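Asks: Starting off with a structure, shown below.
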Amino acid sequence: MLKFRNTTALLIVLAAGTAAAETPVAPSDVAPAAGQPLGLGRPALPEEIAAWNLDVSPDGTGLPDGSGDVMTGEEIYLEQCAACHGDFAEGLDNWPALSGGEGTLDREDPEKTIGSYWPYLSTVWDYVHRSMPFGNAQILTPDDTYAITAYLLYSNGLVEDDFVLSNENFTEVQMPNADGFIEDDRAEIEYSAFSAEPCMENCKDNVEITMHASVLDVTPGGEGTEGGAEDAPADASLD
Amino acid sequence: MTVRPGTTSRRGFLRAGLAASVAVPTAVSAARGQGAPDPLITEVQDWARYSGEGVDATPYGLPIHFESDVIRRNVSWLTADTISSINFTPIHQLDGTITPAGCAFERHHSGAIELAKPDYRLMINGLVDRELVFTYEDLERFPRSQGVYFCECAANTGMEWAGAQLNGSQFTHGMIHNMEYVGVSLKTLLAEAGVKPEGKWIYVEGADASSNGRSIPIEKAMDDVMVAFKANGEALRKEHGYPARLVVPGWEGNLWVKWLRRIEVTAGPVESREETSKYTDTLANGVSRKWTWVMDAKSVVTAPSPQVGIKHGPGPLVITGLAWSGRGAIARVDVSVDGGKNWTTARLAQPGVPMAMTRFYLDHVWDGEEMLLQSRAVDETGYVQPTKNALREIRGENSIYHNNGIQTWWIKKDGSAENVEVS
């Protein structure tokens with residue numbers, strides 16, 4: 001049984017104590033003025049910044065000194081990357097293809113690879129160095145990374161087999177789809193078109209079903225869908 | 001006693017619903033009759049005789065086992081490996097607006113990592129007056145902010161660009177959750193470091209192997225972005241970025257970096273893997289939109305839908321769903337039962353909240369005929385959720401991301417439902 005009476009008495013005592021202890025304070029003493037540092041945290045040491053500040057930008061900012069050639073890159077690639085991405089960077093199963101796909105971006109199910117899609121080489125270097133190999137990241141040295149990046153350029157037919165990539169010539173490499181991107185233009189292209197007062201009655205003459213999900217039968221857990229999963233749609237690759 | 005699905009007490013539920021109805025179809029009226037006394041009422045049940053569990057039985061509880069089908073599900077063919085993959089919130093079985101953390105969708109690029117609070121460090125570096133390192137305890141000492149926001153993966157509904165594909169609102173629209181966050185405003189943390197005038201962007205990354213780095217303009221960073229450590233009142237779940245993640249209200253979920261470890265103030269965007277090769281939207285002509293951060297207004301009827309058909313026959317029917325907009329509050333939701341020919345404005349359970357989910361209801365009397373159910377959200381800017389075909393006319397079918405088109409469920413006479421598209 002709950003002892004309500006005693007609990008209530010305790011609450012009253014606590015409330016009285018709080019009231020007695022309360023001293024009016026000006027709000028400015030409690031909340032610091034906006035933009036004023038509180039003095040929390042500590043200075044980051046140069047070694048700490050160097051350990052984490054690894055990102056590389058398109059203009060080469062962040063690239064460490066180093067170099068690597070296509071042939072060395074192929075060796076490292078076959079050891080560290082080919083199990084998922086294929087010997088020729090063509091991709092295996094659902095793992096991403098890294099080469100090929102030129103000229104497919106305006107077709108049904110475009111094949112997006114480093115050669116056909118990625119606008120900046122810095123992204124390749126940065127991602128390989130920082131996040132690959134999958135499941136064993138951050139083991140590649142800068143020279144390893146230059147070499148793998150050189151091999152990926154070669155596998156996309158963008159350099160010859162004697163090519164050496166380094167921090168010195170890095171920004172000279174132009175990616176084929178560098179001009180293939182525009183900034184988000186939904187505000188100009190779509191928002192006015194999609195902001196008309198919507199129709200409420202008799203908005204169309206007739207309504208026909210034009211597509212059925214059951215035809216594809218790829219939903220997990222449905223009738224006979226386990227087999228359907230093998231027949232994955234072509235645009236399935238989320239990652 | 002509570003009504004339990006799958007027991008004869010569903011009849012009691014039906015009766016209660018019909019009592020409030022004005023026009024009762026005769027077929028349903030006949031079904032109301034009870035031939036024999038209901039033993040659930042006339043016989044003393046075990047739960048009415050014996051005691052239940054004590055208060056020490058469950059220090060931290062899971063839903064009762066009757067609800068064991070309310071779970072996240074994944075689509076195995078979608079990705080090569082579950083470690084870099086996504087699962088889906090069971091929105092078809094939830095109600096209200098807050099997503100329970102235990103079934104809120106997960107998206108990992110290198111798996112859900114375990115990062116203890118004592119091991120947590122957050123660095124701010126780059127174009128700032130003071131390059132700083134914070135511990136978790138430091139974060140808790142900053143003035144706090146709170147807000148309810150939806151987090152939607154940019155690829156939500158992405159599998160539907162080429163046509164109706166997945167049967168269920170969980171799979172078509174479940175890459176979303178909506179939680180109440182507590183944390184520190186990013187602008188407060190940036191003020192602690194002091195952003196230099198040439199700092200126009202931030203680059204944020206996580207502590208996991210993928211790092212999932214993203215660039216965000218300084219204007220957004222100084223607006224409503226938050227470093228959150230609590231969701232729905234409790235610590236973030238491991239899979240949602242424990243102990244601290246970024247909350248970027250109204251913008252695509254990929255920017256909500258989990259296990260946040262570093263914020264670099266930069267002069268320009270880093271153009272990382274996640275903002276070039278992924279999360280860019282390819283148009284029909286092969287040119288791709290980048291920096292499509294905002295999630296446009298969207299809605300879906302969560303039930304009835306393919307995973308939760310109508311089991312009670314004609315009569316009163318609750319049609320319900322969710323609506324949200326990354327550009328503000330939901331102002332209105334319209335529902336159509338005839339594939340978009342005629343629309344009825346639904347009832348919002350609560351007024352819309354900016355960049356948070358809104359629950360809508362249409363209290364319908366089903367005549368037992370086929371329906372083509374749709375919902376259409378309107379946000380406070382006047383933007384009206386477009387049809388999928390209207391989006392395709394502008395973008396084609398290769399965008400992958402940002403499909404906020406109107407969803408159609410074909411409700412058949414037997415109450416089952418299917419994902420379809422209509423003319």
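Identifiers in this document derive from the order of the structure tokens: chains are assigned A, B, ..., residues are numbered from 1 separately in each chain, and ligands are numbered from 1 in order of occurrence.
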Residues at most 10 Å from region 182-185 of chain B, counting only C-alpha atoms, excluding those fewer than 3 positions away in the same chain, as a PyMOL selection string?

Replies: chain B and resi 139-148+179+188-190+221-236+244-247

Asks: Give the residues of chain B that lie within 6 Å of chain A; count only C-alpha atoms, and format the answer as a PyMOL selection string.

Replies: chain B and resi 77-80+131-134+164-167+191-192+209-210+270+272-273+277+284-292+341-343+382-384+419-423

Asks: Using only C-alpha atoms, which residue out of B:Arg395, B:His173, B:His312, B:Arg237 lies closest to Val365 (chain B)?

Replies: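 Result for the nearest residue to Val365 (chain B): B:His312.
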
Asks: Write out as a list in words the residues lying within 8 Å of Val353 (chain B), counting only C-alpha atoms and excluding same-chain residues fewer than 2 positions away.

Replies: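 Answer for this query is Gly328, Ala329, Ile330, Pro351, Met355, Ala356, Met357 and Thr358 of chain B.
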
Asks: Looking only at strand (DSSP E or B) from DSSP on the backbone, list the matching residues of region 271-405 of chain B as a ChimeraX atom specification.

Replies: /B:281-282,288-290,294,298-303,305,308,315-324,330-336,338,344-345,347-348,358-366,371-379,384

Asks: Of the residues B:Gly174, B:Gly241, B:Pro354, B:Gly396, which is the one nearest to Ala162 (chain B), using only C-alpha atoms?

Replies: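 The answer is B:Gly396, which sits nearest to Ala162 (chain B).
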
Asks: How far is it from CA of Val173 (chain A) to CA of Thr276 (chain B), in Å with one decimal?

Replies: 16.9 Å

Asks: Tell me which protein, DNA and RNA residues are within 10 Å of Phe163 (chain A), counting only C-alpha atoms, leaving out same-chain ones fewer than 6 positions away, and put them as a ChimeraX atom specification.

Replies: /A:68-71,147,150-151,153-154

Asks: Could you write out the selected residues, including C-alpha atoms, as a PDB file, in the first residue's frame?

Replies:
```
ATOM      1  CA  GLY A  68      51.700   6.718 -55.853  1.00  0.00           C
ATOM      2  CA  ASP A  69      51.658   5.093 -59.296  1.00  0.00           C
ATOM      3  CA  VAL A  70      49.079   2.995 -61.120  1.00  0.00           C
ATOM      4  CA  MET A  71      50.916  -0.321 -60.836  1.00  0.00           C
ATOM      5  CA  ALA A 147      48.437   4.850 -55.597  1.00  0.00           C
ATOM      6  CA  ALA A 150      45.865   6.569 -59.552  1.00  0.00           C
ATOM      7  CA  TYR A 151      44.682   3.017 -60.238  1.00  0.00           C
ATOM      8  CA  LEU A 153      41.763   6.812 -62.636  1.00  0.00           C
ATOM      9  CA  TYR A 154      43.453   4.203 -64.812  1.00  0.00           C
TER      10      TYR A 154
END
```

Asks: Fewer than 2 positions away in the same chain doesn't count, so skip those; otherwise give me all residues within 9 Å of Asp95 (chain B), counting only C-alpha atoms, as a VMD selection string.

Replies: chain B and resid 91 to 93 97 to 99 302 320 to 322 359
